[in-house]
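A.B. asks: This is the content of query.cif (mmCIF, C-alpha atoms):
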data_entry
#
loop_
_atom_site.label_atom_id
_atom_site.label_comp_id
_atom_site.auth_asym_id
_atom_site.auth_seq_id
_atom_site.Cartn_x
_atom_site.Cartn_y
_atom_site.Cartn_z
CA ALA E 1 47.06 0.43 7.01
CA GLN E 2 45.47 3.66 5.93
CA LYS E 3 45.21 6.43 8.47
CA ILE E 4 44.34 10.11 8.25
CA THR E 5 45.09 12.59 11.04
CA GLN E 6 43.66 16.06 11.38
CA THR E 7 45.06 17.54 14.57
CA GLN E 8 43.03 20.76 14.63
CA PRO E 9 39.52 20.04 15.91
CA GLY E 10 38.57 23.72 15.62
CA MET E 11 40.02 26.75 13.86
CA PHE E 12 39.12 30.41 13.66
CA VAL E 13 40.09 32.81 10.90
CA GLN E 14 39.33 36.44 10.21
CA GLU E 15 37.33 37.15 7.08
CA LYS E 16 39.57 37.82 4.05
CA GLU E 17 42.56 36.17 5.72
CA ALA E 18 44.14 32.90 4.57
CA VAL E 19 43.97 29.74 6.67
CA THR E 20 45.72 26.38 6.56
CA LEU E 21 44.02 23.18 7.66
CA ASP E 22 46.40 20.36 8.49
CA CYS E 23 46.21 16.79 7.27
CA THR E 24 48.78 14.04 7.68
CA TYR E 25 48.41 10.52 6.41
CA ASP E 26 50.00 7.15 6.79
CA THR E 27 50.37 4.72 3.93
CA SER E 28 52.87 2.22 2.57
CA ASP E 29 51.33 2.31 -0.90
CA PRO E 30 53.45 4.36 -3.35
CA SER E 31 50.30 5.35 -5.26
CA TYR E 32 47.46 7.16 -3.60
CA GLY E 33 45.08 10.07 -3.96
CA LEU E 34 44.26 12.73 -1.39
CA PHE E 35 40.99 14.64 -1.19
CA TRP E 36 39.42 17.45 0.76
CA TYR E 37 35.69 17.76 1.37
CA LYS E 38 33.65 20.52 2.97
CA GLN E 39 30.59 19.88 5.08
CA PRO E 40 28.56 23.00 5.90
CA SER E 41 26.00 23.04 8.71
CA SER E 42 23.36 21.91 6.22
CA GLY E 43 25.09 18.53 6.18
CA GLU E 44 25.96 17.85 2.56
CA MET E 45 29.45 16.77 1.57
CA ILE E 46 31.10 18.96 -1.05
CA PHE E 47 34.23 17.89 -2.93
CA LEU E 48 36.89 20.64 -2.95
CA ILE E 49 40.21 19.43 -4.31
CA TYR E 50 42.25 16.36 -5.28
CA GLN E 51 45.99 15.62 -5.23
CA GLY E 52 47.60 12.49 -6.68
CA SER E 53 50.76 11.11 -5.14
CA TYR E 54 52.54 11.29 -8.50
CA ASP E 55 51.42 14.82 -9.32
CA GLN E 56 54.43 17.11 -9.62
CA GLN E 57 52.55 20.28 -8.82
CA ASN E 58 50.33 21.19 -5.90
CA ALA E 59 46.66 21.14 -6.78
CA THR E 60 44.69 24.39 -6.92
CA GLU E 61 40.96 25.04 -7.35
CA GLY E 62 39.99 28.67 -7.13
CA ARG E 63 40.63 29.84 -3.56
CA TYR E 64 41.62 26.34 -2.49
CA SER E 65 45.13 24.97 -2.80
CA LEU E 66 46.74 21.86 -1.44
CA ASN E 67 50.19 22.10 0.13
CA PHE E 68 51.43 18.58 -0.64
CA GLN E 69 54.63 17.50 1.09
CA LYS E 70 55.10 13.88 0.14
CA ALA E 71 58.17 13.18 2.27
CA ARG E 72 56.37 14.48 5.35
CA LYS E 73 53.12 12.75 4.34
CA SER E 74 51.15 15.91 4.71
CA ALA E 75 48.43 17.39 2.50
CA ASN E 76 47.36 20.66 4.05
CA LEU E 77 44.46 22.64 2.63
CA VAL E 78 45.00 26.35 2.18
CA ILE E 79 41.97 28.60 1.82
CA SER E 80 42.82 32.09 0.64
CA ALA E 81 40.69 35.18 1.27
CA SER E 82 38.32 33.44 3.69
CA GLN E 83 34.64 34.15 3.35
CA LEU E 84 31.83 33.74 5.87
CA GLY E 85 30.48 30.91 3.75
CA ASP E 86 33.69 28.96 4.35
CA SER E 87 32.56 28.24 7.92
CA ALA E 88 32.12 24.46 7.90
CA MET E 89 33.68 21.12 8.76
CA TYR E 90 36.56 20.12 6.51
CA PHE E 91 37.56 16.51 5.96
CA CYS E 92 40.74 15.12 4.49
CA ALA E 93 40.48 11.72 2.79
CA MET E 94 42.75 9.23 1.07
CA LYS E 95 42.50 6.35 -1.36
CA GLU E 96 45.33 3.92 -2.05
CA THR E 97 45.56 2.00 -5.32
CA SER E 98 45.82 -1.22 -3.36
CA TYR E 99 42.40 -0.75 -1.85
CA ASP E 100 39.03 0.40 -3.10
CA LYS E 101 38.23 2.13 0.17
CA VAL E 102 38.32 5.87 0.76
CA ILE E 103 39.25 6.71 4.36
CA PHE E 104 38.38 10.01 6.03
CA GLY E 105 40.03 11.94 8.82
CA PRO E 106 38.08 13.19 11.87
CA GLY E 107 37.64 16.67 10.41
CA THR E 108 38.42 20.26 11.35
CA SER E 109 35.75 22.79 12.19
CA LEU E 110 36.50 26.17 10.62
CA SER E 111 34.78 29.34 11.77
CA VAL E 112 35.24 32.55 9.79
CA ILE E 113 34.90 35.69 11.91
CA PRO E 114 33.53 38.87 10.32
CA ASN P 1 19.75 13.96 -13.07
CA ALA P 2 19.15 13.45 -9.34
CA GLY P 3 22.71 12.38 -8.45
CA VAL P 4 22.72 10.34 -5.25
CA THR P 5 19.52 10.02 -3.27
CA GLN P 6 18.90 8.39 0.08
CA THR P 7 15.67 7.08 1.54
CA PRO P 8 14.50 7.83 4.19
CA LYS P 9 15.91 11.15 5.41
CA PHE P 10 14.98 10.56 9.05
CA ARG P 11 14.04 7.48 11.05
CA VAL P 12 13.52 6.57 14.67
CA LEU P 13 13.81 2.91 15.61
CA LYS P 14 13.40 1.00 18.82
CA THR P 15 16.16 -1.32 19.96
CA GLY P 16 15.86 -4.65 18.18
CA GLN P 17 13.89 -3.37 15.19
CA SER P 18 15.19 -3.80 11.68
CA MET P 19 15.28 -1.46 8.73
CA THR P 20 16.83 -0.91 5.33
CA LEU P 21 18.31 2.29 4.01
CA LEU P 22 18.19 2.76 0.25
CA CYS P 23 20.82 4.58 -1.78
CA ALA P 24 20.23 5.23 -5.46
CA GLN P 25 22.46 6.88 -8.04
CA ASP P 26 21.74 7.73 -11.65
CA MET P 27 25.31 8.44 -12.79
CA ASN P 28 26.17 4.86 -13.79
CA HIS P 29 28.90 4.77 -11.15
CA GLU P 30 30.60 1.48 -10.43
CA TYR P 31 31.61 2.18 -6.84
CA MET P 32 29.22 2.83 -3.99
CA TYR P 33 29.85 3.31 -0.28
CA TRP P 34 28.04 3.52 3.03
CA TYR P 35 29.51 5.69 5.79
CA ARG P 36 28.35 6.64 9.22
CA GLN P 37 29.18 9.99 10.77
CA ASP P 38 29.39 10.50 14.50
CA PRO P 39 30.49 13.68 16.30
CA GLY P 40 34.27 14.02 16.47
CA MET P 41 34.89 10.89 14.42
CA GLY P 42 34.46 12.00 10.86
CA LEU P 43 33.10 9.50 8.37
CA ARG P 44 33.71 5.83 8.96
CA LEU P 45 33.28 3.33 6.17
CA ILE P 46 30.74 0.60 6.87
CA HIS P 47 30.59 -1.35 3.62
CA TYR P 48 31.30 -0.66 0.00
CA SER P 49 30.78 -2.13 -3.44
CA VAL P 50 32.93 -1.99 -6.56
CA GLY P 51 30.23 -3.23 -8.87
CA GLU P 52 26.87 -4.93 -9.22
CA GLY P 53 26.72 -8.10 -7.17
CA THR P 54 29.85 -7.32 -5.13
CA THR P 55 30.21 -6.01 -1.60
CA ALA P 56 33.06 -5.67 0.88
CA LYS P 57 33.54 -4.73 4.52
CA GLY P 58 34.83 -1.36 5.58
CA GLU P 59 36.10 -0.12 8.93
CA VAL P 60 32.95 -0.69 11.01
CA PRO P 61 30.83 -3.43 9.37
CA ASP P 62 29.48 -5.16 12.48
CA GLY P 63 25.72 -5.00 12.84
CA TYR P 64 25.15 -4.05 9.20
CA ASN P 65 24.56 -5.92 5.97
CA VAL P 66 24.49 -4.64 2.41
CA SER P 67 23.37 -5.71 -1.02
CA ARG P 68 24.05 -4.43 -4.53
CA LEU P 69 21.63 -6.34 -6.74
CA LYS P 70 21.40 -3.51 -9.25
CA LYS P 71 24.19 -1.19 -10.26
CA GLN P 72 22.24 1.91 -9.35
CA ASN P 73 21.14 0.78 -5.88
CA PHE P 74 23.04 0.02 -2.70
CA LEU P 75 21.04 -1.13 0.32
CA LEU P 76 22.18 -0.94 3.93
CA GLY P 77 20.38 -3.17 6.41
CA LEU P 78 20.24 -3.15 10.17
CA GLU P 79 18.89 -6.52 11.33
CA SER P 80 18.58 -5.68 15.03
CA ALA P 81 19.11 -2.00 15.73
CA ALA P 82 21.11 -0.91 18.78
CA PRO P 83 21.47 2.56 20.37
CA SER P 84 25.13 2.53 19.28
CA GLN P 85 23.88 2.69 15.70
CA THR P 86 22.36 6.12 16.25
CA SER P 87 24.18 8.17 13.65
CA VAL P 88 23.96 10.02 10.36
CA TYR P 89 24.41 7.65 7.43
CA PHE P 90 25.85 8.82 4.14
CA CYS P 91 25.89 7.02 0.86
CA ALA P 92 28.41 7.93 -1.82
CA SER P 93 29.20 6.82 -5.34
CA SER P 94 32.13 7.31 -7.66
CA TYR P 95 33.69 6.23 -10.93
CA PRO P 96 37.46 6.11 -10.67
CA THR P 97 39.22 7.99 -13.44
CA GLY P 98 42.61 9.42 -14.19
CA ARG P 99 46.06 8.03 -13.65
CA LEU P 100 45.97 4.74 -11.83
CA ALA P 101 42.23 5.19 -11.37
CA LEU P 102 42.88 7.42 -8.38
CA THR P 103 40.98 10.53 -9.37
CA TYR P 104 38.08 9.55 -7.39
CA GLU P 105 35.66 12.29 -6.49
CA GLN P 106 32.85 10.85 -4.45
CA TYR P 107 29.34 12.11 -4.88
CA PHE P 108 27.44 12.04 -1.62
CA GLY P 109 23.78 11.70 -0.83
CA PRO P 110 22.09 14.08 1.61
CA GLY P 111 22.32 11.66 4.53
CA THR P 112 19.88 9.73 6.71
CA ARG P 113 19.58 10.65 10.36
CA LEU P 114 18.83 7.48 12.34
CA THR P 115 17.99 7.43 16.03
CA VAL P 116 17.73 4.15 17.93
CA THR P 117 16.02 4.38 21.31
#
Can you give me the file's structure in the form of structure tokens?
C.D. replies:
Amino acid sequence: AQKITQTQPGMFVQEKEAVTLDCTYDTSDPSYGLFWYKQPSSGEMIFLIYQGSYDQQNATEGRYSLNFQKARKSANLVISASQLGDSAMYFCAMKETSYDKVIFGPGTSLSVIP
Amino acid sequence: NAGVTQTPKFRVLKTGQSMTLLCAQDMNHEYMYWYRQDPGMGLRLIHYSVGEGTTAKGEVPDGYNVSRLKKQNFLLGLESAAPSQTSVYFCASSYPTGRLALTYEQYFGPGTRLTVT
């Protein structure tokens, strides 16, 4: 069964510093995709980054990178040079090829301190 | 190009009342989803659809029904609302692409805030 764990309910980071948000997952499917979404206080869901289980390199999108450790089943999001606008909820999600569902973790609240 | 829209944005219901939430997308996406979001629990999948005329149950389907009569619309119904259904409801759509159809960015609607008293 699919399961996503985000063990950090709340995180603080100083502006301009880097921060890592943890995500671990559980799956028996050899093929799957991992996603991170951002939800600011305004409520919309914003897609950030995607990593496929067969991708050889870690995904990067601007200041976002995904530290993918397949053997440990972890897909941590790294935000470099944090900005005040990065303060938001961050959700990790997964889709297996065997299923059409996308499952989300409980989220991590990130607060960037000036 | 409006993307994904949800109607209504806010609603207050009394216990036992019924209502339908409408999700519409203009991106010709095959897949559509309904989630509910509660504090500390992230997004939980209620029902989803992989194409016109098809629906399937997600993680928390009880108390909800859905229909996908047209490709662009996905309706979520509450037949007899309960206070436990107070939540923010998100609709999403996607068109799987890439290797093994896994590249799967979901486009979300703005959400519907439902309160059941």
A.B. asks: Carefully work through the PyMOL selection byres ((chain E) within 9 of (chain P)) for this structure and note down the residues it includes, as an NGL selection string.
C.D. replies: :E and (9 or 31-35 or 43-47 or 49-52 or 54 or 91 or 95-97 or 100-107)
A.B. asks: How about saving the chosen residues, C-alpha atoms kept, as a PDB file, in the coordinates of the input?
C.D. replies:
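Dumped everything to result38.pdb:
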ATOM      1  CA  PRO E   9      39.520  20.040  15.910  1.00  0.00           C
ATOM      2  CA  SER E  31      50.300   5.350  -5.260  1.00  0.00           C
ATOM      3  CA  TYR E  32      47.460   7.160  -3.600  1.00  0.00           C
ATOM      4  CA  GLY E  33      45.080  10.070  -3.960  1.00  0.00           C
ATOM      5  CA  LEU E  34      44.260  12.730  -1.390  1.00  0.00           C
ATOM      6  CA  PHE E  35      40.990  14.640  -1.190  1.00  0.00           C
ATOM      7  CA  GLY E  43      25.090  18.530   6.180  1.00  0.00           C
ATOM      8  CA  GLU E  44      25.960  17.850   2.560  1.00  0.00           C
ATOM      9  CA  MET E  45      29.450  16.770   1.570  1.00  0.00           C
ATOM     10  CA  ILE E  46      31.100  18.960  -1.050  1.00  0.00           C
ATOM     11  CA  PHE E  47      34.230  17.890  -2.930  1.00  0.00           C
ATOM     12  CA  ILE E  49      40.210  19.430  -4.310  1.00  0.00           C
ATOM     13  CA  TYR E  50      42.250  16.360  -5.280  1.00  0.00           C
ATOM     14  CA  GLN E  51      45.990  15.620  -5.230  1.00  0.00           C
ATOM     15  CA  GLY E  52      47.600  12.490  -6.680  1.00  0.00           C
ATOM     16  CA  TYR E  54      52.540  11.290  -8.500  1.00  0.00           C
ATOM     17  CA  PHE E  91      37.560  16.510   5.960  1.00  0.00           C
ATOM     18  CA  LYS E  95      42.500   6.350  -1.360  1.00  0.00           C
ATOM     19  CA  GLU E  96      45.330   3.920  -2.050  1.00  0.00           C
ATOM     20  CA  THR E  97      45.560   2.000  -5.320  1.00  0.00           C
ATOM     21  CA  ASP E 100      39.030   0.400  -3.100  1.00  0.00           C
ATOM     22  CA  LYS E 101      38.230   2.130   0.170  1.00  0.00           C
ATOM     23  CA  VAL E 102      38.320   5.870   0.760  1.00  0.00           C
ATOM     24  CA  ILE E 103      39.250   6.710   4.360  1.00  0.00           C
ATOM     25  CA  PHE E 104      38.380  10.010   6.030  1.00  0.00           C
ATOM     26  CA  GLY E 105      40.030  11.940   8.820  1.00  0.00           C
ATOM     27  CA  PRO E 106      38.080  13.190  11.870  1.00  0.00           C
ATOM     28  CA  GLY E 107      37.640  16.670  10.410  1.00  0.00           C
TER      29      GLY E 107
END
A.B. asks: Specify as a list in words each residue included when the PyMOL selection byres ((chain E and resi 6) around 7) is applied to this file.
C.D. replies: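 On this input, the PyMOL selection byres ((chain E and resi 6) around 7) captures Ile4, Thr5, Thr7, Gln8, Asp22, Cys23, Thr24, Gly105, Pro106, Gly107 and Thr108 of chain E.
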A.B. asks: Atom CA of Glu52 of chain P and atom CA of Pro8 of chain P, how far apart in Å?
C.D. replies: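 Distance reported for this atom pair: 22.3 Å.
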A.B. asks: List as a list of chain:residue names the protein and nucleic acid residues near Ala81 of chain E, meaning an atom at most 8 Å away when all atoms listed in the file are counted, but skip any in the same chain fewer than 6 places from it.
C.D. replies: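 Contacts, in chain order: E:Glu15, E:Lys16, E:Glu17, E:Ala18, E:Arg63.
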A.B. asks: On this file, the PyMOL selection byres ((chain P and resi 62-78) around 10) gives some set of residues; write that set as a VMD selection string.
C.D. replies: chain P and resid 4 to 7 16 to 34 46 to 61 79 to 82 84 to 85 89 91 to 93
A.B. asks: Which residue gives the smallest distance to Leu48 of chain E among E:Pro114, E:Ser82, E:Ala71, E:Leu77, with all atoms listed in the file counted?
C.D. replies: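 Of the candidates, the smallest distance to Leu48 of chain E is held by E:Leu77.
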A.B. asks: What is the distance between atom CA of Ser53 of chain E and atom CA of Pro40 of chain E, in Å to one decimal?
C.D. replies: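 Distance between the two atoms: 27.5 Å.
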A.B. asks: Could you work out how far atom CA of Ala93 of chain E lies from atom CA of Trp36 of chain E, giving the answer in Å with one decimal?
C.D. replies: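 Here the two named atoms are 6.2 Å from each other.
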A.B. asks: Box along x, y and z, 8 Å on every side, all listed atoms of segment 37-50 of chain E inside: centre and edge lengths in Å to one decimal, as JSON.
C.D. replies:
{"center_x": 32.8, "center_y": 19.7, "center_z": 1.7, "size_x": 34.9, "size_y": 22.7, "size_z": 30.0}
A.B. asks: For segment 56-73 of chain P, where the input has fewer atoms than it should, I would like N, CA, C and O atoms rebuilt and written as a short mmCIF file (atom, residue, chain, number, x, y, z; two decimals), keeping the file's coordinate frame.
C.D. replies:
data_model
loop_
_atom_site.label_atom_id
_atom_site.label_comp_id
_atom_site.auth_asym_id
_atom_site.auth_seq_id
_atom_site.Cartn_x
_atom_site.Cartn_y
_atom_site.Cartn_z
N ALA P 56 31.88 -5.44 0.05
CA ALA P 56 33.06 -5.67 0.88
C ALA P 56 32.91 -4.90 2.18
O ALA P 56 32.20 -3.89 2.24
N LYS P 57 33.62 -5.38 3.21
CA LYS P 57 33.54 -4.73 4.52
C LYS P 57 34.47 -3.53 4.59
O LYS P 57 35.56 -3.54 4.02
N GLY P 58 34.01 -2.53 5.32
CA GLY P 58 34.83 -1.36 5.58
C GLY P 58 35.42 -1.40 6.97
O GLY P 58 35.81 -2.46 7.47
N GLU P 59 35.48 -0.23 7.60
CA GLU P 59 36.10 -0.12 8.93
C GLU P 59 35.19 -0.62 10.06
O GLU P 59 35.66 -1.18 11.05
N VAL P 60 33.88 -0.38 9.93
CA VAL P 60 32.95 -0.69 11.01
C VAL P 60 31.74 -1.46 10.48
O VAL P 60 30.61 -0.99 10.52
N PRO P 61 31.92 -2.69 10.01
CA PRO P 61 30.83 -3.43 9.37
C PRO P 61 29.87 -4.16 10.31
O PRO P 61 28.78 -4.56 9.89
N ASP P 62 30.27 -4.32 11.58
CA ASP P 62 29.48 -5.16 12.48
C ASP P 62 28.10 -4.56 12.73
O ASP P 62 27.96 -3.39 13.04
N GLY P 63 27.09 -5.43 12.61
CA GLY P 63 25.72 -5.00 12.84
C GLY P 63 25.01 -4.51 11.60
O GLY P 63 23.83 -4.15 11.66
N TYR P 64 25.72 -4.52 10.46
CA TYR P 64 25.15 -4.05 9.20
C TYR P 64 25.33 -5.10 8.12
O TYR P 64 26.31 -5.85 8.11
N ASN P 65 24.39 -5.12 7.17
CA ASN P 65 24.56 -5.92 5.97
C ASN P 65 24.20 -5.06 4.77
O ASN P 65 23.48 -4.05 4.91
N VAL P 66 24.73 -5.43 3.62
CA VAL P 66 24.49 -4.64 2.41
C VAL P 66 24.20 -5.56 1.24
O VAL P 66 24.53 -6.76 1.27
N SER P 67 23.57 -4.98 0.22
CA SER P 67 23.37 -5.71 -1.02
C SER P 67 23.42 -4.75 -2.19
O SER P 67 22.99 -3.59 -2.08
N ARG P 68 23.93 -5.24 -3.30
CA ARG P 68 24.05 -4.43 -4.53
C ARG P 68 23.54 -5.30 -5.69
O ARG P 68 24.29 -5.79 -6.51
N LEU P 69 22.24 -5.49 -5.72
CA LEU P 69 21.63 -6.34 -6.74
C LEU P 69 21.55 -5.63 -8.08
O LEU P 69 21.60 -6.26 -9.14
N LYS P 70 21.40 -4.32 -8.04
CA LYS P 70 21.40 -3.51 -9.25
C LYS P 70 22.50 -2.47 -9.15
O LYS P 70 22.78 -1.97 -8.05
N LYS P 71 23.06 -2.12 -10.25
CA LYS P 71 24.19 -1.19 -10.26
C LYS P 71 23.83 0.13 -9.61
O LYS P 71 24.65 0.75 -8.93
N GLN P 72 22.60 0.57 -9.81
CA GLN P 72 22.24 1.91 -9.35
C GLN P 72 21.83 1.95 -7.89
O GLN P 72 21.68 3.03 -7.33
N ASN P 73 21.64 0.79 -7.25
CA ASN P 73 21.14 0.78 -5.88
C ASN P 73 22.09 0.08 -4.93
O ASN P 73 22.68 -0.96 -5.26
#
